[in-house]
>>> print(open('data_27.cif').read())   # mmCIF, N, CA, C and O atoms
data_entry
#
loop_
_atom_site.label_atom_id
_atom_site.label_comp_id
_atom_site.auth_asym_id
_atom_site.auth_seq_id
_atom_site.Cartn_x
_atom_site.Cartn_y
_atom_site.Cartn_z
N MET H 759 8.09 -2.55 -18.31
CA MET H 759 7.74 -3.80 -17.68
C MET H 759 8.94 -4.39 -16.93
O MET H 759 8.73 -5.11 -15.96
N SER H 760 10.15 -4.09 -17.35
CA SER H 760 11.31 -4.69 -16.69
C SER H 760 11.46 -4.23 -15.24
O SER H 760 11.94 -4.98 -14.40
N LEU H 761 11.04 -3.00 -14.92
CA LEU H 761 11.12 -2.53 -13.53
C LEU H 761 10.20 -3.32 -12.61
O LEU H 761 10.47 -3.45 -11.43
N LEU H 762 9.12 -3.87 -13.15
CA LEU H 762 8.22 -4.67 -12.33
C LEU H 762 8.90 -5.92 -11.79
O LEU H 762 8.51 -6.45 -10.76
N ASN H 763 9.91 -6.39 -12.51
CA ASN H 763 10.62 -7.61 -12.12
C ASN H 763 12.04 -7.36 -11.63
O ASN H 763 12.81 -8.29 -11.47
N ASP H 764 12.38 -6.11 -11.39
CA ASP H 764 13.72 -5.75 -10.95
C ASP H 764 14.03 -6.37 -9.60
O ASP H 764 13.27 -6.22 -8.64
N LEU H 765 15.12 -7.09 -9.49
CA LEU H 765 15.50 -7.76 -8.25
C LEU H 765 15.87 -6.79 -7.14
O LEU H 765 15.82 -7.13 -5.97
N ARG H 766 16.27 -5.59 -7.50
CA ARG H 766 16.62 -4.59 -6.48
C ARG H 766 15.38 -4.09 -5.75
O ARG H 766 15.48 -3.50 -4.70
N GLU H 767 14.24 -4.30 -6.30
CA GLU H 767 12.93 -4.01 -5.73
C GLU H 767 12.56 -2.55 -5.66
O GLU H 767 11.39 -2.22 -5.72
N TYR H 768 13.49 -1.65 -5.50
CA TYR H 768 13.12 -0.24 -5.40
C TYR H 768 12.44 0.21 -6.69
O TYR H 768 12.93 -0.04 -7.78
N GLY H 769 11.33 0.85 -6.55
CA GLY H 769 10.62 1.37 -7.73
C GLY H 769 9.60 0.43 -8.31
O GLY H 769 8.90 0.79 -9.25
N ARG H 770 9.47 -0.77 -7.78
CA ARG H 770 8.51 -1.73 -8.35
C ARG H 770 7.07 -1.27 -8.18
O ARG H 770 6.26 -1.41 -9.08
N SER H 771 6.74 -0.72 -7.02
CA SER H 771 5.37 -0.23 -6.81
C SER H 771 5.08 0.95 -7.74
O SER H 771 3.99 1.06 -8.30
N GLN H 772 6.06 1.82 -7.91
CA GLN H 772 5.88 2.96 -8.80
C GLN H 772 5.72 2.49 -10.25
O GLN H 772 4.91 3.05 -11.00
N ALA H 773 6.47 1.45 -10.64
CA ALA H 773 6.33 0.89 -11.99
C ALA H 773 4.93 0.29 -12.17
O ALA H 773 4.32 0.44 -13.23
N ALA H 774 4.42 -0.35 -11.13
CA ALA H 774 3.07 -0.91 -11.19
C ALA H 774 2.04 0.21 -11.34
O ALA H 774 1.07 0.08 -12.10
N ASP H 775 2.27 1.31 -10.64
CA ASP H 775 1.37 2.46 -10.74
C ASP H 775 1.34 3.00 -12.17
O ASP H 775 0.28 3.23 -12.75
N VAL H 776 2.51 3.18 -12.75
CA VAL H 776 2.61 3.68 -14.13
C VAL H 776 1.93 2.70 -15.09
O VAL H 776 1.17 3.12 -15.97
N TYR H 777 2.19 1.41 -14.91
CA TYR H 777 1.62 0.40 -15.81
C TYR H 777 0.09 0.47 -15.83
O TYR H 777 -0.52 0.55 -16.89
N TRP H 778 -0.55 0.45 -14.65
CA TRP H 778 -2.01 0.42 -14.67
C TRP H 778 -2.60 1.74 -15.13
O TRP H 778 -3.66 1.77 -15.75
N ARG H 779 -1.92 2.86 -14.86
CA ARG H 779 -2.44 4.15 -15.31
C ARG H 779 -2.36 4.28 -16.83
O ARG H 779 -3.24 4.88 -17.45
N ILE H 780 -1.32 3.72 -17.43
CA ILE H 780 -1.18 3.78 -18.89
C ILE H 780 -2.13 2.80 -19.57
O ILE H 780 -2.82 3.15 -20.53
N THR H 781 -2.18 1.57 -19.06
CA THR H 781 -3.00 0.54 -19.72
C THR H 781 -4.45 0.55 -19.26
O THR H 781 -5.31 0.05 -19.98
N GLY H 782 -4.72 1.07 -18.07
CA GLY H 782 -6.06 1.02 -17.51
C GLY H 782 -6.41 -0.34 -16.93
O GLY H 782 -7.54 -0.57 -16.51
N ASN H 783 -5.44 -1.24 -16.90
CA ASN H 783 -5.67 -2.60 -16.44
C ASN H 783 -4.83 -2.88 -15.19
O ASN H 783 -3.63 -3.08 -15.29
N PRO H 784 -5.46 -2.94 -14.01
CA PRO H 784 -4.67 -3.19 -12.80
C PRO H 784 -4.36 -4.66 -12.55
O PRO H 784 -3.48 -4.98 -11.76
N ARG H 785 -5.05 -5.59 -13.22
CA ARG H 785 -4.90 -7.02 -12.91
C ARG H 785 -3.47 -7.56 -12.99
O ARG H 785 -3.06 -8.29 -12.10
N PRO H 786 -2.70 -7.22 -14.03
CA PRO H 786 -1.35 -7.80 -14.09
C PRO H 786 -0.42 -7.38 -12.94
O PRO H 786 0.52 -8.09 -12.62
N VAL H 787 -0.69 -6.24 -12.32
CA VAL H 787 0.21 -5.75 -11.27
C VAL H 787 -0.33 -5.99 -9.86
O VAL H 787 0.38 -5.76 -8.88
N LEU H 788 -1.56 -6.45 -9.73
CA LEU H 788 -2.13 -6.69 -8.40
C LEU H 788 -1.32 -7.68 -7.56
O LEU H 788 -1.07 -7.41 -6.38
N PRO H 789 -0.88 -8.82 -8.11
CA PRO H 789 -0.09 -9.74 -7.28
C PRO H 789 1.17 -9.09 -6.70
O PRO H 789 1.48 -9.29 -5.52
N LEU H 790 1.86 -8.31 -7.50
CA LEU H 790 3.05 -7.61 -7.00
C LEU H 790 2.68 -6.65 -5.88
O LEU H 790 3.31 -6.64 -4.82
N LEU H 791 1.64 -5.86 -6.07
CA LEU H 791 1.25 -4.88 -5.06
C LEU H 791 0.77 -5.55 -3.78
O LEU H 791 1.08 -5.08 -2.68
N LEU H 792 0.04 -6.64 -3.90
CA LEU H 792 -0.42 -7.35 -2.70
C LEU H 792 0.75 -7.93 -1.92
O LEU H 792 0.76 -7.88 -0.69
N THR H 793 1.74 -8.44 -2.62
CA THR H 793 2.93 -8.98 -1.96
C THR H 793 3.68 -7.87 -1.24
O THR H 793 4.12 -8.03 -0.10
N ARG H 794 3.82 -6.73 -1.87
CA ARG H 794 4.56 -5.62 -1.27
C ARG H 794 3.76 -4.93 -0.17
O ARG H 794 4.33 -4.40 0.77
N ALA H 795 2.45 -4.95 -0.28
CA ALA H 795 1.62 -4.27 0.72
C ALA H 795 1.57 -5.04 2.03
O ALA H 795 1.43 -4.46 3.09
N ALA H 796 1.70 -6.34 1.97
CA ALA H 796 1.56 -7.14 3.19
C ALA H 796 2.70 -8.15 3.34
O ALA H 796 2.46 -9.34 3.42
N PRO H 797 3.95 -7.67 3.39
CA PRO H 797 5.05 -8.61 3.54
C PRO H 797 5.10 -9.26 4.91
O PRO H 797 5.73 -10.28 5.11
N THR H 798 4.42 -8.67 5.89
CA THR H 798 4.33 -9.26 7.22
C THR H 798 2.89 -9.12 7.69
O THR H 798 2.10 -8.44 7.06
N THR H 799 2.57 -9.74 8.78
CA THR H 799 1.21 -9.61 9.32
C THR H 799 1.21 -8.71 10.54
O THR H 799 0.24 -8.68 11.28
N THR H 800 2.29 -7.98 10.74
CA THR H 800 2.36 -7.11 11.90
C THR H 800 2.45 -5.66 11.47
O THR H 800 2.74 -5.34 10.33
N TYR H 801 2.21 -4.82 12.42
CA TYR H 801 2.37 -3.38 12.21
C TYR H 801 2.97 -2.87 13.51
O TYR H 801 2.27 -2.44 14.41
N ALA H 802 4.25 -3.03 13.64
CA ALA H 802 4.93 -2.72 14.90
C ALA H 802 6.07 -1.74 14.66
O ALA H 802 6.45 -1.47 13.52
N SER H 803 6.64 -1.24 15.73
CA SER H 803 7.70 -0.25 15.61
C SER H 803 8.96 -0.81 14.95
O SER H 803 9.78 -0.07 14.44
N ASN H 804 9.11 -2.13 14.92
CA ASN H 804 10.27 -2.73 14.27
C ASN H 804 9.95 -3.22 12.86
O ASN H 804 10.68 -4.02 12.30
N ASP H 805 8.87 -2.72 12.29
CA ASP H 805 8.45 -3.12 10.94
C ASP H 805 9.35 -2.45 9.91
O ASP H 805 9.20 -1.28 9.61
N THR H 806 10.30 -3.20 9.39
CA THR H 806 11.26 -2.63 8.45
C THR H 806 10.74 -2.57 7.02
O THR H 806 11.36 -1.98 6.16
N ALA H 807 9.62 -3.19 6.76
CA ALA H 807 9.08 -3.23 5.40
C ALA H 807 8.02 -2.16 5.16
O ALA H 807 7.35 -2.18 4.16
N TRP H 808 7.91 -1.20 6.06
CA TRP H 808 6.81 -0.26 5.92
C TRP H 808 6.95 0.67 4.73
O TRP H 808 5.96 1.14 4.20
N TYR H 809 8.16 0.97 4.26
CA TYR H 809 8.30 1.79 3.05
C TYR H 809 7.70 1.06 1.85
O TYR H 809 6.98 1.65 1.05
N ASP H 810 8.00 -0.23 1.71
CA ASP H 810 7.41 -1.03 0.63
C ASP H 810 5.90 -1.06 0.77
O ASP H 810 5.16 -0.93 -0.20
N ARG H 811 5.44 -1.26 2.00
CA ARG H 811 4.00 -1.31 2.25
C ARG H 811 3.34 0.02 1.89
O ARG H 811 2.32 0.07 1.22
N ARG H 812 3.94 1.11 2.35
CA ARG H 812 3.38 2.43 2.05
C ARG H 812 3.29 2.68 0.56
O ARG H 812 2.26 3.13 0.05
N ASP H 813 4.36 2.38 -0.17
CA ASP H 813 4.35 2.61 -1.62
C ASP H 813 3.27 1.78 -2.31
O ASP H 813 2.55 2.28 -3.17
N ALA H 814 3.14 0.52 -1.91
CA ALA H 814 2.13 -0.34 -2.52
C ALA H 814 0.72 0.12 -2.13
O ALA H 814 -0.18 0.14 -2.97
N LEU H 815 0.54 0.51 -0.87
CA LEU H 815 -0.77 1.01 -0.45
C LEU H 815 -1.15 2.30 -1.15
O LEU H 815 -2.32 2.54 -1.45
N ARG H 816 -0.17 3.14 -1.45
CA ARG H 816 -0.44 4.36 -2.22
C ARG H 816 -1.04 4.00 -3.58
O ARG H 816 -2.01 4.62 -4.03
N VAL H 817 -0.44 3.03 -4.23
CA VAL H 817 -0.91 2.63 -5.56
C VAL H 817 -2.30 1.98 -5.45
O VAL H 817 -3.21 2.32 -6.22
N LEU H 818 -2.47 1.08 -4.50
CA LEU H 818 -3.77 0.42 -4.32
C LEU H 818 -4.86 1.42 -3.97
O LEU H 818 -5.98 1.34 -4.49
N ALA H 819 -4.55 2.39 -3.11
CA ALA H 819 -5.53 3.42 -2.76
C ALA H 819 -5.86 4.28 -3.98
O ALA H 819 -7.02 4.66 -4.18
N GLY H 820 -4.86 4.56 -4.80
CA GLY H 820 -5.12 5.30 -6.04
C GLY H 820 -6.02 4.53 -6.98
O GLY H 820 -6.92 5.10 -7.60
N MET H 821 -5.80 3.23 -7.07
CA MET H 821 -6.67 2.38 -7.90
C MET H 821 -8.10 2.40 -7.37
O MET H 821 -9.05 2.50 -8.13
N ARG H 822 -8.20 2.30 -6.05
CA ARG H 822 -9.53 2.28 -5.41
C ARG H 822 -10.26 3.60 -5.63
O ARG H 822 -11.42 3.63 -5.99
N THR H 823 -9.56 4.70 -5.44
CA THR H 823 -10.15 6.03 -5.62
C THR H 823 -10.56 6.26 -7.07
O THR H 823 -11.61 6.84 -7.34
N ALA H 824 -9.76 5.77 -8.00
CA ALA H 824 -10.05 5.95 -9.43
C ALA H 824 -11.11 4.98 -9.94
O ALA H 824 -11.54 5.09 -11.09
N GLY H 825 -11.50 4.02 -9.11
CA GLY H 825 -12.51 3.06 -9.53
C GLY H 825 -11.95 1.85 -10.26
O GLY H 825 -12.71 1.02 -10.76
N ALA H 826 -10.63 1.74 -10.33
CA ALA H 826 -10.02 0.60 -11.01
C ALA H 826 -9.99 -0.64 -10.12
O ALA H 826 -9.80 -1.75 -10.60
N LEU H 827 -10.18 -0.45 -8.83
CA LEU H 827 -10.20 -1.55 -7.87
C LEU H 827 -11.56 -1.46 -7.16
O LEU H 827 -11.78 -0.59 -6.33
N ALA H 828 -12.48 -2.36 -7.54
CA ALA H 828 -13.85 -2.29 -7.03
C ALA H 828 -13.93 -2.58 -5.53
O ALA H 828 -14.65 -1.92 -4.79
N THR H 829 -13.17 -3.56 -5.08
CA THR H 829 -13.17 -3.90 -3.66
C THR H 829 -11.72 -4.13 -3.22
O THR H 829 -10.86 -4.46 -4.02
N THR H 830 -11.52 -3.96 -1.96
CA THR H 830 -10.20 -4.22 -1.40
C THR H 830 -10.01 -5.72 -1.28
O THR H 830 -10.90 -6.41 -0.78
N PRO H 831 -8.88 -6.25 -1.73
CA PRO H 831 -8.65 -7.69 -1.60
C PRO H 831 -8.78 -8.14 -0.15
O PRO H 831 -8.20 -7.52 0.75
N PRO H 832 -9.56 -9.19 0.10
CA PRO H 832 -9.81 -9.62 1.48
C PRO H 832 -8.56 -9.99 2.26
O PRO H 832 -8.52 -9.80 3.47
N GLU H 833 -7.53 -10.46 1.59
CA GLU H 833 -6.32 -10.85 2.31
C GLU H 833 -5.59 -9.65 2.92
O GLU H 833 -4.76 -9.80 3.81
N LEU H 834 -5.90 -8.45 2.44
CA LEU H 834 -5.28 -7.24 3.00
C LEU H 834 -6.05 -6.67 4.19
O LEU H 834 -5.51 -5.90 4.96
N ARG H 835 -7.31 -7.03 4.34
CA ARG H 835 -8.15 -6.42 5.37
C ARG H 835 -7.58 -6.52 6.79
O ARG H 835 -7.56 -5.50 7.51
N PRO H 836 -7.09 -7.68 7.25
CA PRO H 836 -6.55 -7.72 8.62
C PRO H 836 -5.40 -6.73 8.85
O PRO H 836 -5.36 -6.04 9.86
N LEU H 837 -4.49 -6.64 7.90
CA LEU H 837 -3.38 -5.72 8.03
C LEU H 837 -3.87 -4.27 7.96
O LEU H 837 -3.43 -3.43 8.74
N LEU H 838 -4.80 -3.99 7.06
CA LEU H 838 -5.33 -2.63 6.94
C LEU H 838 -6.04 -2.21 8.22
O LEU H 838 -5.92 -1.06 8.65
N GLU H 839 -6.77 -3.13 8.82
CA GLU H 839 -7.45 -2.80 10.07
C GLU H 839 -6.44 -2.50 11.18
O GLU H 839 -6.64 -1.58 11.98
N LEU H 840 -5.33 -3.24 11.22
CA LEU H 840 -4.27 -2.93 12.18
C LEU H 840 -3.69 -1.54 11.93
O LEU H 840 -3.50 -0.76 12.86
N CYS H 841 -3.39 -1.25 10.67
CA CYS H 841 -2.81 0.06 10.32
C CYS H 841 -3.79 1.19 10.64
O CYS H 841 -3.40 2.22 11.17
N ALA H 842 -5.06 0.99 10.32
CA ALA H 842 -6.06 2.06 10.48
C ALA H 842 -6.34 2.39 11.93
O ALA H 842 -6.66 3.53 12.26
N THR H 843 -6.22 1.41 12.81
CA THR H 843 -6.62 1.63 14.20
C THR H 843 -5.45 1.71 15.18
O THR H 843 -5.66 1.96 16.35
N SER H 844 -4.25 1.51 14.70
CA SER H 844 -3.11 1.51 15.61
C SER H 844 -2.80 2.91 16.12
O SER H 844 -3.05 3.90 15.44
N PRO H 845 -2.27 2.99 17.32
CA PRO H 845 -1.84 4.30 17.82
C PRO H 845 -0.62 4.77 17.01
O PRO H 845 0.09 3.95 16.43
N ARG H 846 -0.42 6.04 17.01
CA ARG H 846 0.75 6.59 16.30
C ARG H 846 2.00 6.06 16.97
O ARG H 846 2.17 6.20 18.18
N ARG H 847 2.87 5.44 16.17
CA ARG H 847 4.06 4.80 16.72
C ARG H 847 5.17 5.79 16.98
O ARG H 847 5.90 5.69 17.93
N VAL H 848 5.33 6.73 16.08
CA VAL H 848 6.41 7.71 16.18
C VAL H 848 5.88 9.05 15.67
O VAL H 848 4.77 9.12 15.15
N ALA H 849 6.65 10.06 15.79
CA ALA H 849 6.20 11.39 15.38
C ALA H 849 6.45 11.66 13.91
O ALA H 849 6.78 12.76 13.52
N TRP H 850 6.28 10.66 13.09
CA TRP H 850 6.46 10.84 11.65
C TRP H 850 5.12 11.03 11.00
O TRP H 850 4.13 10.43 11.38
N LYS H 851 5.07 11.84 9.97
CA LYS H 851 3.83 12.00 9.22
C LYS H 851 3.49 10.71 8.47
O LYS H 851 2.35 10.48 8.11
N ASP H 852 4.48 9.85 8.28
CA ASP H 852 4.25 8.61 7.53
C ASP H 852 3.27 7.68 8.23
O ASP H 852 2.53 6.97 7.58
N ASP H 853 3.25 7.67 9.55
CA ASP H 853 2.26 6.87 10.27
C ASP H 853 0.85 7.36 9.94
O ASP H 853 -0.06 6.58 9.73
N ASP H 854 0.69 8.69 9.91
CA ASP H 854 -0.61 9.25 9.54
C ASP H 854 -0.99 8.86 8.12
O ASP H 854 -2.14 8.56 7.83
N GLU H 855 0.00 8.87 7.23
CA GLU H 855 -0.28 8.50 5.85
C GLU H 855 -0.68 7.03 5.74
O GLU H 855 -1.63 6.69 5.04
N LEU H 856 0.01 6.14 6.46
CA LEU H 856 -0.37 4.73 6.44
C LEU H 856 -1.80 4.54 6.93
O LEU H 856 -2.57 3.79 6.34
N ARG H 857 -2.17 5.23 7.99
CA ARG H 857 -3.53 5.12 8.50
C ARG H 857 -4.53 5.66 7.49
O ARG H 857 -5.60 5.08 7.28
N ARG H 858 -4.21 6.78 6.83
CA ARG H 858 -5.11 7.35 5.83
C ARG H 858 -5.30 6.40 4.65
O ARG H 858 -6.41 6.17 4.19
N LEU H 859 -4.19 5.81 4.18
CA LEU H 859 -4.28 4.87 3.06
C LEU H 859 -5.09 3.64 3.44
O LEU H 859 -5.92 3.16 2.66
N ALA H 860 -4.87 3.14 4.65
CA ALA H 860 -5.62 1.97 5.11
C ALA H 860 -7.10 2.29 5.17
O ALA H 860 -7.94 1.49 4.73
N ARG H 861 -7.45 3.46 5.68
CA ARG H 861 -8.87 3.83 5.76
C ARG H 861 -9.48 4.02 4.38
O ARG H 861 -10.65 3.69 4.17
N THR H 862 -8.71 4.54 3.45
CA THR H 862 -9.20 4.67 2.08
C THR H 862 -9.53 3.30 1.52
O THR H 862 -10.59 3.10 0.91
N LEU H 863 -8.64 2.35 1.73
CA LEU H 863 -8.86 1.00 1.21
C LEU H 863 -9.96 0.25 1.96
O LEU H 863 -10.60 -0.63 1.41
N LEU H 864 -10.20 0.64 3.20
CA LEU H 864 -11.28 0.02 3.97
C LEU H 864 -12.59 0.77 3.80
O LEU H 864 -13.61 0.38 4.35
N ASP H 865 -12.57 1.87 3.06
CA ASP H 865 -13.74 2.73 2.88
C ASP H 865 -14.22 3.33 4.18
O ASP H 865 -15.41 3.43 4.44
N GLU H 866 -13.28 3.70 5.04
CA GLU H 866 -13.62 4.33 6.30
C GLU H 866 -13.24 5.80 6.27
O GLU H 866 -12.17 6.14 5.75
N PRO H 867 -14.06 6.66 6.82
CA PRO H 867 -13.69 8.08 6.85
C PRO H 867 -12.59 8.32 7.88
O PRO H 867 -12.47 7.59 8.85
N MET H 868 -11.79 9.32 7.62
CA MET H 868 -10.76 9.73 8.58
C MET H 868 -11.45 10.44 9.74
O MET H 868 -12.36 11.22 9.52
N PRO H 869 -11.02 10.18 10.97
CA PRO H 869 -11.60 10.93 12.09
C PRO H 869 -11.19 12.39 12.03
O PRO H 869 -10.10 12.71 11.59
N SER H 870 -12.08 13.26 12.45
CA SER H 870 -11.75 14.69 12.39
C SER H 870 -11.11 15.17 13.67
O SER H 870 -11.03 14.54 14.64
#
>>> encode(input="data_27.cif", output="structure tokens")
Amino acid sequence: MSLLNDLREYGRSQAADVYWRITGNPRPVLPLLLTRAAPTTTYASNDTAWYDRRDALRVLAGMRTAGALATTPPELRPLLELCATSPRRVAWKDDDELRRLARTLLDEPMPS
């Protein structure tokens, strides 16, 4: 539990993932994940928080896929829609992963 509150922040999303998988209860870690998933309302090439966002979205998508998260929190939908529909910003696979995670949380199929 101490990693969830670590001021250095690295590993907090992973700690949240471990917590809900062990306890089966995602509620205590949802506020942390929502904060980390949407630290800004933009999705631009100068988005420096995208690693935090990606890590949190990985956990939230895992919760959604496992059935632990019945619906995507509405406050995330605008950001997820931006991520899911944005053009590829750079030649990194991470952009593809962000779009895939966003579509998972929005319940949208990936285009073929």
>>> closest_residue(input="data_27.cif", among="H:Trp778, H:Leu790, H:Tyr809, H:Leu815", to="Thr862 of chain H", atoms="all atoms listed in the file")
H:Leu815
>>> atom_distance(input="data_27.cif", atom1="atom O of Thr843 of chain H", atom2="atom C of Leu864 of chain H")
14.4 Å
>>> residues_around(input="data_27.cif", residues="Arg779 of chain H", least_positions_apart="5", cutoff="12 Å", atoms="only C-alpha atoms", output="list in words")
Gln772, Ala773, Ala774, Pro784, Arg785, Val787, Val817, Leu818, Gly820, Met821, Ala824, Gly825 and Ala826 of chain H
>>> atom_distance(input="data_27.cif", atom1="atom CA of Glu839 of chain H", atom2="atom C of Ala860 of chain H")
7.1 Å
>>> closest_residue(input="data_27.cif", among="H:Asp853, H:Pro831, H:Tyr777, H:Pro845", to="Ala819 of chain H", atoms="only C-alpha atoms")
H:Pro831
>>> resolve_selection(input="data_27.cif", expression="the PyMOL selection byres (((chain H and resi 795 and name CA) around 8) and name CA)", output="PDB file with N, CA, C and O atoms, keeping the file's coordinate frame")
ATOM      1  N   LEU H 791       1.640  -5.860  -6.070  1.00  0.00           N
ATOM      2  CA  LEU H 791       1.250  -4.880  -5.060  1.00  0.00           C
ATOM      3  C   LEU H 791       0.770  -5.550  -3.780  1.00  0.00           C
ATOM      4  O   LEU H 791       1.080  -5.080  -2.680  1.00  0.00           O
ATOM      5  N   LEU H 792       0.040  -6.640  -3.900  1.00  0.00           N
ATOM      6  CA  LEU H 792      -0.420  -7.350  -2.700  1.00  0.00           C
ATOM      7  C   LEU H 792       0.750  -7.930  -1.920  1.00  0.00           C
ATOM      8  O   LEU H 792       0.760  -7.880  -0.690  1.00  0.00           O
ATOM      9  N   THR H 793       1.740  -8.440  -2.620  1.00  0.00           N
ATOM     10  CA  THR H 793       2.930  -8.980  -1.960  1.00  0.00           C
ATOM     11  C   THR H 793       3.680  -7.870  -1.240  1.00  0.00           C
ATOM     12  O   THR H 793       4.120  -8.030  -0.100  1.00  0.00           O
ATOM     13  N   ARG H 794       3.820  -6.730  -1.870  1.00  0.00           N
ATOM     14  CA  ARG H 794       4.560  -5.620  -1.270  1.00  0.00           C
ATOM     15  C   ARG H 794       3.760  -4.930  -0.170  1.00  0.00           C
ATOM     16  O   ARG H 794       4.330  -4.400   0.770  1.00  0.00           O
ATOM     17  N   ALA H 796       1.700  -6.340   1.970  1.00  0.00           N
ATOM     18  CA  ALA H 796       1.560  -7.140   3.190  1.00  0.00           C
ATOM     19  C   ALA H 796       2.700  -8.150   3.340  1.00  0.00           C
ATOM     20  O   ALA H 796       2.460  -9.340   3.420  1.00  0.00           O
ATOM     21  N   PRO H 797       3.950  -7.670   3.390  1.00  0.00           N
ATOM     22  CA  PRO H 797       5.050  -8.610   3.540  1.00  0.00           C
ATOM     23  C   PRO H 797       5.100  -9.260   4.910  1.00  0.00           C
ATOM     24  O   PRO H 797       5.730 -10.280   5.110  1.00  0.00           O
ATOM     25  N   ASP H 810       8.000  -0.230   1.710  1.00  0.00           N
ATOM     26  CA  ASP H 810       7.410  -1.030   0.630  1.00  0.00           C
ATOM     27  C   ASP H 810       5.900  -1.060   0.770  1.00  0.00           C
ATOM     28  O   ASP H 810       5.160  -0.930  -0.200  1.00  0.00           O
ATOM     29  N   ARG H 811       5.440  -1.260   2.000  1.00  0.00           N
ATOM     30  CA  ARG H 811       4.000  -1.310   2.250  1.00  0.00           C
ATOM     31  C   ARG H 811       3.340   0.020   1.890  1.00  0.00           C
ATOM     32  O   ARG H 811       2.320   0.070   1.220  1.00  0.00           O
ATOM     33  N   ARG H 812       3.940   1.110   2.350  1.00  0.00           N
ATOM     34  CA  ARG H 812       3.380   2.430   2.050  1.00  0.00           C
ATOM     35  C   ARG H 812       3.290   2.680   0.560  1.00  0.00           C
ATOM     36  O   ARG H 812       2.260   3.130   0.050  1.00  0.00           O
ATOM     37  N   ASP H 813       4.360   2.380  -0.170  1.00  0.00           N
ATOM     38  CA  ASP H 813       4.350   2.610  -1.620  1.00  0.00           C
ATOM     39  C   ASP H 813       3.270   1.780  -2.310  1.00  0.00           C
ATOM     40  O   ASP H 813       2.550   2.280  -3.170  1.00  0.00           O
ATOM     41  N   ALA H 814       3.140   0.520  -1.910  1.00  0.00           N
ATOM     42  CA  ALA H 814       2.130  -0.340  -2.520  1.00  0.00           C
ATOM     43  C   ALA H 814       0.720   0.120  -2.130  1.00  0.00           C
ATOM     44  O   ALA H 814      -0.180   0.140  -2.970  1.00  0.00           O
ATOM     45  N   LEU H 815       0.540   0.510  -0.870  1.00  0.00           N
ATOM     46  CA  LEU H 815      -0.770   1.010  -0.450  1.00  0.00           C
ATOM     47  C   LEU H 815      -1.150   2.300  -1.150  1.00  0.00           C
ATOM     48  O   LEU H 815      -2.320   2.540  -1.450  1.00  0.00           O
ATOM     49  N   LEU H 834      -5.900  -8.450   2.440  1.00  0.00           N
ATOM     50  CA  LEU H 834      -5.280  -7.240   3.000  1.00  0.00           C
ATOM     51  C   LEU H 834      -6.050  -6.670   4.190  1.00  0.00           C
ATOM     52  O   LEU H 834      -5.510  -5.900   4.960  1.00  0.00           O
TER      53      LEU H 834
END
>>> closest_residue(input="data_27.cif", among="H:Leu840, H:Gly769, H:Thr823, H:Arg816", to="Glu855 of chain H", atoms="only C-alpha atoms")
H:Arg816
>>> atom_distance(input="data_27.cif", atom1="atom N of Leu838 of chain H", atom2="atom C of Ile780 of chain H")
27.6 Å
>>> decode(input="data_27.cif", residues="segment 832-841 of chain H", atoms="N, CA, C and O atoms", output="mmCIF file, in the first residue's frame")
data_model
loop_
_atom_site.group_PDB
_atom_site.id
_atom_site.type_symbol
_atom_site.label_atom_id
_atom_site.label_comp_id
_atom_site.auth_asym_id
_atom_site.auth_seq_id
_atom_site.Cartn_x
_atom_site.Cartn_y
_atom_site.Cartn_z
ATOM 1 N N PRO H 832 -17.023 8.413 -16.852
ATOM 2 C CA PRO H 832 -17.367 9.427 -17.847
ATOM 3 C C PRO H 832 -16.359 10.558 -17.962
ATOM 4 O O PRO H 832 -16.183 11.115 -19.046
ATOM 5 N N GLU H 833 -15.662 10.884 -16.890
ATOM 6 C CA GLU H 833 -14.698 11.975 -16.957
ATOM 7 C C GLU H 833 -13.501 11.646 -17.847
ATOM 8 O O GLU H 833 -12.772 12.538 -18.275
ATOM 9 N N LEU H 834 -13.286 10.367 -18.131
ATOM 10 C CA LEU H 834 -12.188 9.965 -19.013
ATOM 11 C C LEU H 834 -12.580 9.952 -20.486
ATOM 12 O O LEU H 834 -11.721 9.979 -21.353
ATOM 13 N N ARG H 835 -13.858 9.900 -20.783
ATOM 14 C CA ARG H 835 -14.307 9.736 -22.167
ATOM 15 C C ARG H 835 -13.760 10.801 -23.135
ATOM 16 O O ARG H 835 -13.277 10.437 -24.221
ATOM 17 N N PRO H 836 -13.790 12.098 -22.802
ATOM 18 C CA PRO H 836 -13.256 13.075 -23.771
ATOM 19 C C PRO H 836 -11.785 12.832 -24.116
ATOM 20 O O PRO H 836 -11.398 12.889 -25.282
ATOM 21 N N LEU H 837 -10.971 12.529 -23.122
ATOM 22 C CA LEU H 837 -9.564 12.265 -23.379
ATOM 23 C C LEU H 837 -9.391 10.969 -24.168
ATOM 24 O O LEU H 837 -8.599 10.908 -25.105
ATOM 25 N N LEU H 838 -10.160 9.943 -23.820
ATOM 26 C CA LEU H 838 -10.058 8.674 -24.537
ATOM 27 C C LEU H 838 -10.455 8.835 -25.997
ATOM 28 O O LEU H 838 -9.839 8.243 -26.885
ATOM 29 N N GLU H 839 -11.474 9.632 -26.249
ATOM 30 C CA GLU H 839 -11.886 9.868 -27.631
ATOM 31 C C GLU H 839 -10.791 10.593 -28.412
ATOM 32 O O GLU H 839 -10.544 10.272 -29.578
ATOM 33 N N LEU H 840 -10.103 11.533 -27.771
ATOM 34 C CA LEU H 840 -8.967 12.191 -28.423
ATOM 35 C C LEU H 840 -7.860 11.187 -28.737
ATOM 36 O O LEU H 840 -7.307 11.175 -29.831
ATOM 37 N N CYS H 841 -7.532 10.356 -27.757
ATOM 38 C CA CYS H 841 -6.470 9.359 -27.949
ATOM 39 C C CYS H 841 -6.851 8.359 -29.042
ATOM 40 O O CYS H 841 -6.030 8.001 -29.877
#
